[in-house]
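Notes follow the structure.
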Amino acid sequence: MTEVADGGLTDAVAAFEAARPRLFGIAYRILGTSADAEDVVQDTWIRWQRTDRTTVRNAEAFLVTTASRLALTAASSARARHELYVGPWLPEPVPTGDDTEHVVERGEALELALLLLLERLTPQERAVYVLKEAFDYPYRDIAEFLDITEEHARQLGHRARGHVARERGGRVSPAERDRLLQAFLAAAQRGDLAELQSMLAEHAVAYSDGGGVVTAARKPVTGRERVARYLTRTVGIYGQQVQTEFVEANGQHVVYVSRAGEPLAAVWVDASPEGIDQVCFVVNPAKLAPLAAAHGG
């Protein structure tokens, strides 16, 4: 943890910049979009500037506490916004290669399917899960960050882990998921309906996040046959003269689709031993901006 040497602006800037990646990582995992996370980081900086820093013994603890509480407040507002969102809401993929703008700690707690699952938790459960599982803070510290008792923090963490374990049990390895994503893309581009169906689990679901800005399915498509037909129809309509590229986002492989340099979609899958059970398309232009910026779009 960073100790505050004095109340000077130089030390304040240095402490904040050292903590910035972690502050962004916490806020992004809780909120699901880089824009919302950056707002939290900026508001944290404003509060840090206005604080009498001579009274702060530990800069990182102060900054993490501020960012966590701001993100928790924002998450309550975001939940209301998501209820009004046009069509399915999906987390925004952020580039995580070594040369990308957003450098955040990697790991399972950054994966897109898990971030989508965390949306089903209460904001407090999500915050505790993120701070514990992604950043390995002890419950004593988490309780202080969120202004709750340690016992309550443990209860929230236990509930969150239980929910995630029930929903995320039996996942394939990242390497197998990548292999399935490549095979899925090839079959979709060929329009091979039978091959697509063979890779999909019986209760597969496809989500398409257009945010009401671009054309996208406004309800999840469910069932192996319906998902396969939806995929082949979508590729048939939008798949002409497009470029596809496997890129790293959220520490996993994602298909980045563009046409003439303009971003069209980001696609990822999740899978169990029974096959691909979740196919996600982000086509909302605002949510594609970070990937576009990182990959020349």
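FYI, nothing fancy with the structure tokens labels: chains A, B, ... in order, residues from 1 per chain, ligands from 1 as they appear.
For Gln124 (chain A), the set of protein, DNA and RNA residues having any atom at most 9 Å away, when counting only C-alpha atoms and skipping those fewer than 6 positions along the same chain, is Leu72, Ala75, Leu146, Ala153 and Leu156 of chain A.
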Open item on the list: Please identify the strand (DSSP E or B) residues within region 82-290 of chain A (assignment by DSSP from backbone atoms) and present them as a PyMOL selection string.
Closed with: chain A and resi 95+200-209+221-222+243-249+252-259+262-272+275-282
Open item on the list: If we count only C-alpha atoms and set the cut-off at 10 Å, which residues sit around Ala188 (chain A), ignoring sequence neighbours fewer than 3 positions away in its own chain? Please answer as a PyMOL selection string.
Closed with: chain A and resi 182-185+191-193+195-196+228-229+231-236+239
TODO: Rank A:Ala286, A:Ala293, A:Leu9, A:Leu121 by their smallest atom-to-atom distance to Thr33 (chain A), using only C-alpha atoms, and report the top residue only.
DONE: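 Closest candidate: A:Ala286.
Compared by their closest atoms to Thr215 (chain A), and using only C-alpha atoms, the residues A:Tyr139, A:Tyr256, A:Phe281, A:Phe246 rank with A:Phe281 nearest.
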Open item on the list: Using only C-alpha atoms, which protein or nucleic acid residues come within 9 Å of Gly87 (chain A)? Drop anything in the same chain fewer than 2 positions from it, and give the result as an MDAnalysis selection string.
Closed with: chainID A and resid 84:85 89 207:212 216:220
TODO: Work out how far CA of Ile30 (chain A) is from CA of Asp178 (chain A), in Å to one decimal.
DONE: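 Going from CA of Asp178 (chain A) over to CA of Ile30 (chain A) covers 25.2 Å.
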DSSP on the backbone: what in region 119-296 of chain A comes out alpha helix (DSSP H), as a PDB file with N, CA and C atoms, in the first residue's frame?
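See result32.pdb below for the written result:
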```pdb
ATOM      1  N   PRO A 123     -25.938  -4.976  -6.190  1.00  0.00           N
ATOM      2  CA  PRO A 123     -24.706  -4.194  -6.285  1.00  0.00           C
ATOM      3  C   PRO A 123     -23.717  -4.479  -5.158  1.00  0.00           C
ATOM      4  N   GLN A 124     -24.203  -4.636  -3.928  1.00  0.00           N
ATOM      5  CA  GLN A 124     -23.293  -4.920  -2.812  1.00  0.00           C
ATOM      6  C   GLN A 124     -22.629  -6.287  -2.973  1.00  0.00           C
ATOM      7  N   GLU A 125     -23.396  -7.296  -3.365  1.00  0.00           N
ATOM      8  CA  GLU A 125     -22.820  -8.623  -3.580  1.00  0.00           C
ATOM      9  C   GLU A 125     -21.743  -8.567  -4.659  1.00  0.00           C
ATOM     10  N   ARG A 126     -22.049  -7.836  -5.720  1.00  0.00           N
ATOM     11  CA  ARG A 126     -21.098  -7.725  -6.832  1.00  0.00           C
ATOM     12  C   ARG A 126     -19.815  -7.039  -6.367  1.00  0.00           C
ATOM     13  N   ALA A 127     -19.955  -5.951  -5.603  1.00  0.00           N
ATOM     14  CA  ALA A 127     -18.780  -5.225  -5.133  1.00  0.00           C
ATOM     15  C   ALA A 127     -17.914  -6.104  -4.244  1.00  0.00           C
ATOM     16  N   VAL A 128     -18.527  -6.827  -3.326  1.00  0.00           N
ATOM     17  CA  VAL A 128     -17.767  -7.707  -2.440  1.00  0.00           C
ATOM     18  C   VAL A 128     -17.085  -8.804  -3.254  1.00  0.00           C
ATOM     19  N   TYR A 129     -17.795  -9.396  -4.191  1.00  0.00           N
ATOM     20  CA  TYR A 129     -17.211 -10.458  -5.015  1.00  0.00           C
ATOM     21  C   TYR A 129     -15.996  -9.940  -5.783  1.00  0.00           C
ATOM     22  N   TYR A 139     -11.681  -9.668   3.998  1.00  0.00           N
ATOM     23  CA  TYR A 139     -13.019  -9.151   4.319  1.00  0.00           C
ATOM     24  C   TYR A 139     -12.959  -7.961   5.270  1.00  0.00           C
ATOM     25  N   ARG A 140     -11.948  -7.939   6.123  1.00  0.00           N
ATOM     26  CA  ARG A 140     -11.799  -6.801   7.033  1.00  0.00           C
ATOM     27  C   ARG A 140     -11.657  -5.503   6.240  1.00  0.00           C
ATOM     28  N   ASP A 141     -10.814  -5.532   5.191  1.00  0.00           N
ATOM     29  CA  ASP A 141     -10.611  -4.345   4.368  1.00  0.00           C
ATOM     30  C   ASP A 141     -11.852  -4.035   3.531  1.00  0.00           C
ATOM     31  N   ILE A 142     -12.466  -5.078   2.990  1.00  0.00           N
ATOM     32  CA  ILE A 142     -13.673  -4.877   2.170  1.00  0.00           C
ATOM     33  C   ILE A 142     -14.768  -4.207   2.989  1.00  0.00           C
ATOM     34  N   ALA A 143     -14.907  -4.629   4.232  1.00  0.00           N
ATOM     35  CA  ALA A 143     -15.916  -4.026   5.105  1.00  0.00           C
ATOM     36  C   ALA A 143     -15.656  -2.532   5.288  1.00  0.00           C
ATOM     37  N   GLU A 144     -14.390  -2.168   5.431  1.00  0.00           N
ATOM     38  CA  GLU A 144     -14.051  -0.750   5.580  1.00  0.00           C
ATOM     39  C   GLU A 144     -14.287   0.002   4.277  1.00  0.00           C
ATOM     40  N   PHE A 145     -13.926  -0.603   3.150  1.00  0.00           N
ATOM     41  CA  PHE A 145     -14.131   0.052   1.858  1.00  0.00           C
ATOM     42  C   PHE A 145     -15.603   0.398   1.641  1.00  0.00           C
ATOM     43  N   LEU A 146     -16.477  -0.555   1.998  1.00  0.00           N
ATOM     44  CA  LEU A 146     -17.900  -0.415   1.687  1.00  0.00           C
ATOM     45  C   LEU A 146     -18.726   0.091   2.866  1.00  0.00           C
ATOM     46  N   GLU A 150     -17.740  -6.539   8.981  1.00  0.00           N
ATOM     47  CA  GLU A 150     -16.996  -7.654   8.394  1.00  0.00           C
ATOM     48  C   GLU A 150     -17.897  -8.882   8.232  1.00  0.00           C
ATOM     49  N   GLU A 151     -18.756  -9.116   9.216  1.00  0.00           N
ATOM     50  CA  GLU A 151     -19.671 -10.258   9.118  1.00  0.00           C
ATOM     51  C   GLU A 151     -20.595 -10.121   7.910  1.00  0.00           C
ATOM     52  N   HIS A 152     -21.103  -8.911   7.686  1.00  0.00           N
ATOM     53  CA  HIS A 152     -21.977  -8.692   6.527  1.00  0.00           C
ATOM     54  C   HIS A 152     -21.205  -8.890   5.226  1.00  0.00           C
ATOM     55  N   ALA A 153     -19.977  -8.422   5.193  1.00  0.00           N
ATOM     56  CA  ALA A 153     -19.153  -8.617   3.999  1.00  0.00           C
ATOM     57  C   ALA A 153     -18.969 -10.107   3.709  1.00  0.00           C
ATOM     58  N   ARG A 154     -18.723 -10.890   4.750  1.00  0.00           N
ATOM     59  CA  ARG A 154     -18.562 -12.337   4.563  1.00  0.00           C
ATOM     60  C   ARG A 154     -19.863 -12.964   4.042  1.00  0.00           C
ATOM     61  N   GLN A 155     -20.987 -12.547   4.581  1.00  0.00           N
ATOM     62  CA  GLN A 155     -22.271 -13.087   4.125  1.00  0.00           C
ATOM     63  C   GLN A 155     -22.515 -12.758   2.656  1.00  0.00           C
ATOM     64  N   LEU A 156     -22.231 -11.516   2.285  1.00  0.00           N
ATOM     65  CA  LEU A 156     -22.400 -11.112   0.895  1.00  0.00           C
ATOM     66  C   LEU A 156     -21.467 -11.899  -0.021  1.00  0.00           C
ATOM     67  N   GLY A 157     -20.238 -12.079   0.426  1.00  0.00           N
ATOM     68  CA  GLY A 157     -19.285 -12.840  -0.380  1.00  0.00           C
ATOM     69  C   GLY A 157     -19.701 -14.291  -0.540  1.00  0.00           C
ATOM     70  N   HIS A 158     -20.205 -14.880   0.537  1.00  0.00           N
ATOM     71  CA  HIS A 158     -20.656 -16.275   0.480  1.00  0.00           C
ATOM     72  C   HIS A 158     -21.828 -16.428  -0.490  1.00  0.00           C
ATOM     73  N   ARG A 159     -22.790 -15.513  -0.425  1.00  0.00           N
ATOM     74  CA  ARG A 159     -23.934 -15.581  -1.339  1.00  0.00           C
ATOM     75  C   ARG A 159     -23.489 -15.408  -2.785  1.00  0.00           C
ATOM     76  N   ALA A 160     -22.598 -14.451  -3.013  1.00  0.00           N
ATOM     77  CA  ALA A 160     -22.136 -14.190  -4.377  1.00  0.00           C
ATOM     78  C   ALA A 160     -21.379 -15.391  -4.933  1.00  0.00           C
ATOM     79  N   ARG A 161     -20.477 -15.960  -4.146  1.00  0.00           N
ATOM     80  CA  ARG A 161     -19.722 -17.127  -4.617  1.00  0.00           C
ATOM     81  C   ARG A 161     -20.635 -18.305  -4.892  1.00  0.00           C
ATOM     82  N   GLY A 162     -21.631 -18.493  -4.043  1.00  0.00           N
ATOM     83  CA  GLY A 162     -22.570 -19.589  -4.251  1.00  0.00           C
ATOM     84  C   GLY A 162     -23.336 -19.431  -5.548  1.00  0.00           C
ATOM     85  N   HIS A 163     -23.776 -18.212  -5.827  1.00  0.00           N
ATOM     86  CA  HIS A 163     -24.522 -17.954  -7.062  1.00  0.00           C
ATOM     87  C   HIS A 163     -23.635 -18.204  -8.273  1.00  0.00           C
ATOM     88  N   VAL A 164     -22.411 -17.703  -8.217  1.00  0.00           N
ATOM     89  CA  VAL A 164     -21.492 -17.888  -9.346  1.00  0.00           C
ATOM     90  C   VAL A 164     -21.172 -19.363  -9.541  1.00  0.00           C
ATOM     91  N   ALA A 165     -20.945 -20.086  -8.451  1.00  0.00           N
ATOM     92  CA  ALA A 165     -20.611 -21.508  -8.550  1.00  0.00           C
ATOM     93  C   ALA A 165     -21.752 -22.300  -9.179  1.00  0.00           C
ATOM     94  N   ARG A 166     -22.974 -21.972  -8.795  1.00  0.00           N
ATOM     95  CA  ARG A 166     -24.125 -22.692  -9.376  1.00  0.00           C
ATOM     96  C   ARG A 166     -24.261 -22.420 -10.860  1.00  0.00           C
ATOM     97  N   GLU A 167     -24.062 -21.177 -11.257  1.00  0.00           N
ATOM     98  CA  GLU A 167     -24.280 -20.796 -12.651  1.00  0.00           C
ATOM     99  C   GLU A 167     -23.073 -21.097 -13.540  1.00  0.00           C
ATOM    100  N   ARG A 168     -21.873 -21.106 -12.944  1.00  0.00           N
ATOM    101  CA  ARG A 168     -20.657 -21.244 -13.746  1.00  0.00           C
ATOM    102  C   ARG A 168     -20.014 -22.614 -13.620  1.00  0.00           C
ATOM    103  N   PRO A 174     -10.216 -22.355 -20.935  1.00  0.00           N
ATOM    104  CA  PRO A 174     -10.076 -21.253 -21.890  1.00  0.00           C
ATOM    105  C   PRO A 174      -9.573 -21.703 -23.255  1.00  0.00           C
ATOM    106  N   ALA A 175      -8.647 -22.668 -23.289  1.00  0.00           N
ATOM    107  CA  ALA A 175      -8.127 -23.158 -24.574  1.00  0.00           C
ATOM    108  C   ALA A 175      -9.236 -23.825 -25.386  1.00  0.00           C
ATOM    109  N   GLU A 176     -10.076 -24.622 -24.727  1.00  0.00           N
ATOM    110  CA  GLU A 176     -11.176 -25.272 -25.436  1.00  0.00           C
ATOM    111  C   GLU A 176     -12.210 -24.248 -25.878  1.00  0.00           C
ATOM    112  N   ARG A 177     -12.456 -23.239 -25.054  1.00  0.00           N
ATOM    113  CA  ARG A 177     -13.391 -22.183 -25.449  1.00  0.00           C
ATOM    114  C   ARG A 177     -12.878 -21.444 -26.685  1.00  0.00           C
ATOM    115  N   ASP A 178     -11.579 -21.181 -26.736  1.00  0.00           N
ATOM    116  CA  ASP A 178     -10.997 -20.522 -27.905  1.00  0.00           C
ATOM    117  C   ASP A 178     -11.139 -21.390 -29.147  1.00  0.00           C
ATOM    118  N   ARG A 179     -10.907 -22.702 -28.979  1.00  0.00           N
ATOM    119  CA  ARG A 179     -11.047 -23.618 -30.120  1.00  0.00           C
ATOM    120  C   ARG A 179     -12.483 -23.619 -30.632  1.00  0.00           C
ATOM    121  N   LEU A 180     -13.438 -23.639 -29.718  1.00  0.00           N
ATOM    122  CA  LEU A 180     -14.842 -23.623 -30.119  1.00  0.00           C
ATOM    123  C   LEU A 180     -15.203 -22.306 -30.805  1.00  0.00           C
ATOM    124  N   LEU A 181     -14.643 -21.208 -30.320  1.00  0.00           N
ATOM    125  CA  LEU A 181     -14.931 -19.919 -30.947  1.00  0.00           C
ATOM    126  C   LEU A 181     -14.429 -19.890 -32.389  1.00  0.00           C
ATOM    127  N   GLN A 182     -13.242 -20.421 -32.631  1.00  0.00           N
ATOM    128  CA  GLN A 182     -12.706 -20.453 -33.984  1.00  0.00           C
ATOM    129  C   GLN A 182     -13.541 -21.354 -34.886  1.00  0.00           C
ATOM    130  N   ALA A 183     -13.909 -22.531 -34.380  1.00  0.00           N
ATOM    131  CA  ALA A 183     -14.721 -23.447 -35.173  1.00  0.00           C
ATOM    132  C   ALA A 183     -16.110 -22.875 -35.428  1.00  0.00           C
ATOM    133  N   PHE A 184     -16.661 -22.212 -34.429  1.00  0.00           N
ATOM    134  CA  PHE A 184     -17.969 -21.573 -34.557  1.00  0.00           C
ATOM    135  C   PHE A 184     -17.939 -20.503 -35.639  1.00  0.00           C
ATOM    136  N   LEU A 185     -16.908 -19.663 -35.635  1.00  0.00           N
ATOM    137  CA  LEU A 185     -16.807 -18.602 -36.635  1.00  0.00           C
ATOM    138  C   LEU A 185     -16.701 -19.196 -38.042  1.00  0.00           C
ATOM    139  N   ALA A 186     -15.869 -20.226 -38.197  1.00  0.00           N
ATOM    140  CA  ALA A 186     -15.694 -20.840 -39.517  1.00  0.00           C
ATOM    141  C   ALA A 186     -17.010 -21.423 -40.026  1.00  0.00           C
ATOM    142  N   ALA A 187     -17.740 -22.123 -39.161  1.00  0.00           N
ATOM    143  CA  ALA A 187     -19.013 -22.728 -39.575  1.00  0.00           C
ATOM    144  C   ALA A 187     -20.045 -21.658 -39.903  1.00  0.00           C
ATOM    145  N   ALA A 188     -20.071 -20.579 -39.110  1.00  0.00           N
ATOM    146  CA  ALA A 188     -21.024 -19.491 -39.373  1.00  0.00           C
ATOM    147  C   ALA A 188     -20.723 -18.819 -40.706  1.00  0.00           C
ATOM    148  N   GLN A 189     -19.440 -18.616 -41.005  1.00  0.00           N
ATOM    149  CA  GLN A 189     -19.065 -17.977 -42.263  1.00  0.00           C
ATOM    150  C   GLN A 189     -19.404 -18.862 -43.457  1.00  0.00           C
ATOM    151  N   ARG A 190     -19.339 -20.179 -43.281  1.00  0.00           N
ATOM    152  CA  ARG A 190     -19.714 -21.107 -44.362  1.00  0.00           C
ATOM    153  C   ARG A 190     -21.219 -21.262 -44.483  1.00  0.00           C
ATOM    154  N   LEU A 193     -25.210 -24.952 -41.252  1.00  0.00           N
ATOM    155  CA  LEU A 193     -26.196 -25.055 -40.178  1.00  0.00           C
ATOM    156  C   LEU A 193     -25.987 -26.310 -39.338  1.00  0.00           C
ATOM    157  N   ALA A 194     -25.724 -27.428 -39.996  1.00  0.00           N
ATOM    158  CA  ALA A 194     -25.550 -28.682 -39.266  1.00  0.00           C
ATOM    159  C   ALA A 194     -24.336 -28.631 -38.350  1.00  0.00           C
ATOM    160  N   GLU A 195     -23.246 -28.053 -38.832  1.00  0.00           N
ATOM    161  CA  GLU A 195     -22.044 -27.959 -38.020  1.00  0.00           C
ATOM    162  C   GLU A 195     -22.274 -27.036 -36.826  1.00  0.00           C
ATOM    163  N   LEU A 196     -22.967 -25.934 -37.045  1.00  0.00           N
ATOM    164  CA  LEU A 196     -23.271 -25.034 -35.940  1.00  0.00           C
ATOM    165  C   LEU A 196     -24.100 -25.742 -34.876  1.00  0.00           C
ATOM    166  N   GLN A 197     -25.108 -26.454 -35.303  1.00  0.00           N
ATOM    167  CA  GLN A 197     -25.954 -27.156 -34.341  1.00  0.00           C
ATOM    168  C   GLN A 197     -25.156 -28.184 -33.555  1.00  0.00           C
ATOM    169  N   SER A 198     -24.195 -28.824 -34.202  1.00  0.00           N
ATOM    170  CA  SER A 198     -23.404 -29.849 -33.515  1.00  0.00           C
ATOM    171  C   SER A 198     -22.527 -29.251 -32.421  1.00  0.00           C
ATOM    172  N   MET A 199     -22.196 -27.949 -32.538  1.00  0.00           N
ATOM    173  CA  MET A 199     -21.343 -27.306 -31.538  1.00  0.00           C
ATOM    174  C   MET A 199     -22.138 -26.671 -30.408  1.00  0.00           C
ATOM    175  N   ARG A 224     -31.033 -24.772 -29.386  1.00  0.00           N
ATOM    176  CA  ARG A 224     -29.987 -25.093 -30.352  1.00  0.00           C
ATOM    177  C   ARG A 224     -30.374 -24.755 -31.788  1.00  0.00           C
ATOM    178  N   GLU A 225     -31.524 -25.207 -32.246  1.00  0.00           N
ATOM    179  CA  GLU A 225     -31.896 -24.995 -33.649  1.00  0.00           C
ATOM    180  C   GLU A 225     -32.159 -23.526 -33.940  1.00  0.00           C
ATOM    181  N   ARG A 226     -32.852 -22.840 -33.039  1.00  0.00           N
ATOM    182  CA  ARG A 226     -33.164 -21.429 -33.270  1.00  0.00           C
ATOM    183  C   ARG A 226     -31.893 -20.584 -33.267  1.00  0.00           C
ATOM    184  N   VAL A 227     -30.975 -20.882 -32.362  1.00  0.00           N
ATOM    185  CA  VAL A 227     -29.723 -20.129 -32.312  1.00  0.00           C
ATOM    186  C   VAL A 227     -28.918 -20.357 -33.593  1.00  0.00           C
ATOM    187  N   ALA A 228     -28.827 -21.605 -34.052  1.00  0.00           N
ATOM    188  CA  ALA A 228     -28.067 -21.895 -35.268  1.00  0.00           C
ATOM    189  C   ALA A 228     -28.661 -21.173 -36.472  1.00  0.00           C
ATOM    190  N   ARG A 229     -29.972 -21.180 -36.586  1.00  0.00           N
ATOM    191  CA  ARG A 229     -30.612 -20.489 -37.714  1.00  0.00           C
ATOM    192  C   ARG A 229     -30.430 -18.970 -37.597  1.00  0.00           C
ATOM    193  N   TYR A 230     -30.502 -18.461 -36.399  1.00  0.00           N
ATOM    194  CA  TYR A 230     -30.291 -17.023 -36.196  1.00  0.00           C
ATOM    195  C   TYR A 230     -28.876 -16.629 -36.616  1.00  0.00           C
ATOM    196  N   LEU A 231     -27.907 -17.459 -36.272  1.00  0.00           N
ATOM    197  CA  LEU A 231     -26.524 -17.155 -36.612  1.00  0.00           C
ATOM    198  C   LEU A 231     -26.300 -17.163 -38.116  1.00  0.00           C
ATOM    199  N   THR A 232     -26.802 -18.185 -38.786  1.00  0.00           N
ATOM    200  CA  THR A 232     -26.594 -18.253 -40.234  1.00  0.00           C
ATOM    201  C   THR A 232     -27.328 -17.117 -40.935  1.00  0.00           C
ATOM    202  N   ARG A 233     -28.502 -16.770 -40.450  1.00  0.00           N
ATOM    203  CA  ARG A 233     -29.245 -15.657 -41.056  1.00  0.00           C
ATOM    204  C   ARG A 233     -28.509 -14.334 -40.830  1.00  0.00           C
ATOM    205  N   THR A 234     -27.984 -14.136 -39.629  1.00  0.00           N
ATOM    206  CA  THR A 234     -27.271 -12.900 -39.321  1.00  0.00           C
ATOM    207  C   THR A 234     -26.012 -12.760 -40.176  1.00  0.00           C
ATOM    208  N   VAL A 235     -25.247 -13.841 -40.292  1.00  0.00           N
ATOM    209  CA  VAL A 235     -24.037 -13.797 -41.109  1.00  0.00           C
ATOM    210  C   VAL A 235     -24.392 -13.567 -42.576  1.00  0.00           C
ATOM    211  N   GLY A 236     -25.491 -14.179 -43.025  1.00  0.00           N
ATOM    212  CA  GLY A 236     -25.912 -13.985 -44.413  1.00  0.00           C
ATOM    213  C   GLY A 236     -26.272 -12.542 -44.724  1.00  0.00           C
ATOM    214  N   ILE A 237     -26.859 -11.861 -43.733  1.00  0.00           N
ATOM    215  CA  ILE A 237     -27.285 -10.478 -43.953  1.00  0.00           C
ATOM    216  C   ILE A 237     -26.119  -9.501 -43.801  1.00  0.00           C
ATOM    217  N   TYR A 238     -25.320  -9.696 -42.754  1.00  0.00           N
ATOM    218  CA  TYR A 238     -24.309  -8.706 -42.407  1.00  0.00           C
ATOM    219  C   TYR A 238     -22.876  -9.160 -42.688  1.00  0.00           C
ATOM    220  N   PRO A 285     -22.539   0.642 -31.124  1.00  0.00           N
ATOM    221  CA  PRO A 285     -21.284   1.319 -31.495  1.00  0.00           C
ATOM    222  C   PRO A 285     -20.519   1.892 -30.310  1.00  0.00           C
ATOM    223  N   ALA A 286     -21.224   2.420 -29.314  1.00  0.00           N
ATOM    224  CA  ALA A 286     -20.538   3.001 -28.163  1.00  0.00           C
ATOM    225  C   ALA A 286     -19.727   1.948 -27.411  1.00  0.00           C
ATOM    226  N   LYS A 287     -20.233   0.734 -27.346  1.00  0.00           N
ATOM    227  CA  LYS A 287     -19.530  -0.324 -26.627  1.00  0.00           C
ATOM    228  C   LYS A 287     -18.398  -0.936 -27.448  1.00  0.00           C
ATOM    229  N   LEU A 288     -18.361  -0.638 -28.749  1.00  0.00           N
ATOM    230  CA  LEU A 288     -17.279  -1.135 -29.594  1.00  0.00           C
ATOM    231  C   LEU A 288     -16.109  -0.162 -29.659  1.00  0.00           C
ATOM    232  N   ALA A 289     -16.304   1.048 -29.156  1.00  0.00           N
ATOM    233  CA  ALA A 289     -15.288   2.091 -29.294  1.00  0.00           C
ATOM    234  C   ALA A 289     -13.924   1.699 -28.723  1.00  0.00           C
ATOM    235  N   PRO A 290     -13.828   1.115 -27.520  1.00  0.00           N
ATOM    236  CA  PRO A 290     -12.507   0.748 -27.009  1.00  0.00           C
ATOM    237  C   PRO A 290     -11.778  -0.259 -27.896  1.00  0.00           C
ATOM    238  N   LEU A 291     -12.477  -1.270 -28.406  1.00  0.00           N
ATOM    239  CA  LEU A 291     -11.845  -2.238 -29.300  1.00  0.00           C
ATOM    240  C   LEU A 291     -11.446  -1.565 -30.609  1.00  0.00           C
ATOM    241  N   ALA A 292     -12.307  -0.702 -31.130  1.00  0.00           N
ATOM    242  CA  ALA A 292     -11.996  -0.006 -32.382  1.00  0.00           C
ATOM    243  C   ALA A 292     -10.733   0.848 -32.225  1.00  0.00           C
ATOM    244  N   ALA A 293     -10.631   1.534 -31.105  1.00  0.00           N
ATOM    245  CA  ALA A 293      -9.464   2.389 -30.871  1.00  0.00           C
ATOM    246  C   ALA A 293      -8.189   1.571 -30.770  1.00  0.00           C
ATOM    247  N   ALA A 294      -8.294   0.377 -30.189  1.00  0.00           N
ATOM    248  CA  ALA A 294      -7.114  -0.461 -29.994  1.00  0.00           C
ATOM    249  C   ALA A 294      -6.697  -1.187 -31.262  1.00  0.00           C
TER     250      ALA A 294
END
```
Task: Spatial neighbours of Pro95 (chain A), max dist 7 Å, only C-alpha atoms, sep filter under 2 positions, as JSON, numbers by chain - done: {"A": [93, 97, 100, 102, 248, 249, 250, 290, 291, 294]}
- [ ] Work out how far CA of Leu115 (chain A) is from CA of Glu17 (chain A), in Å to one decimal.
- [x]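 Between these atoms lies a distance of 25.3 Å.
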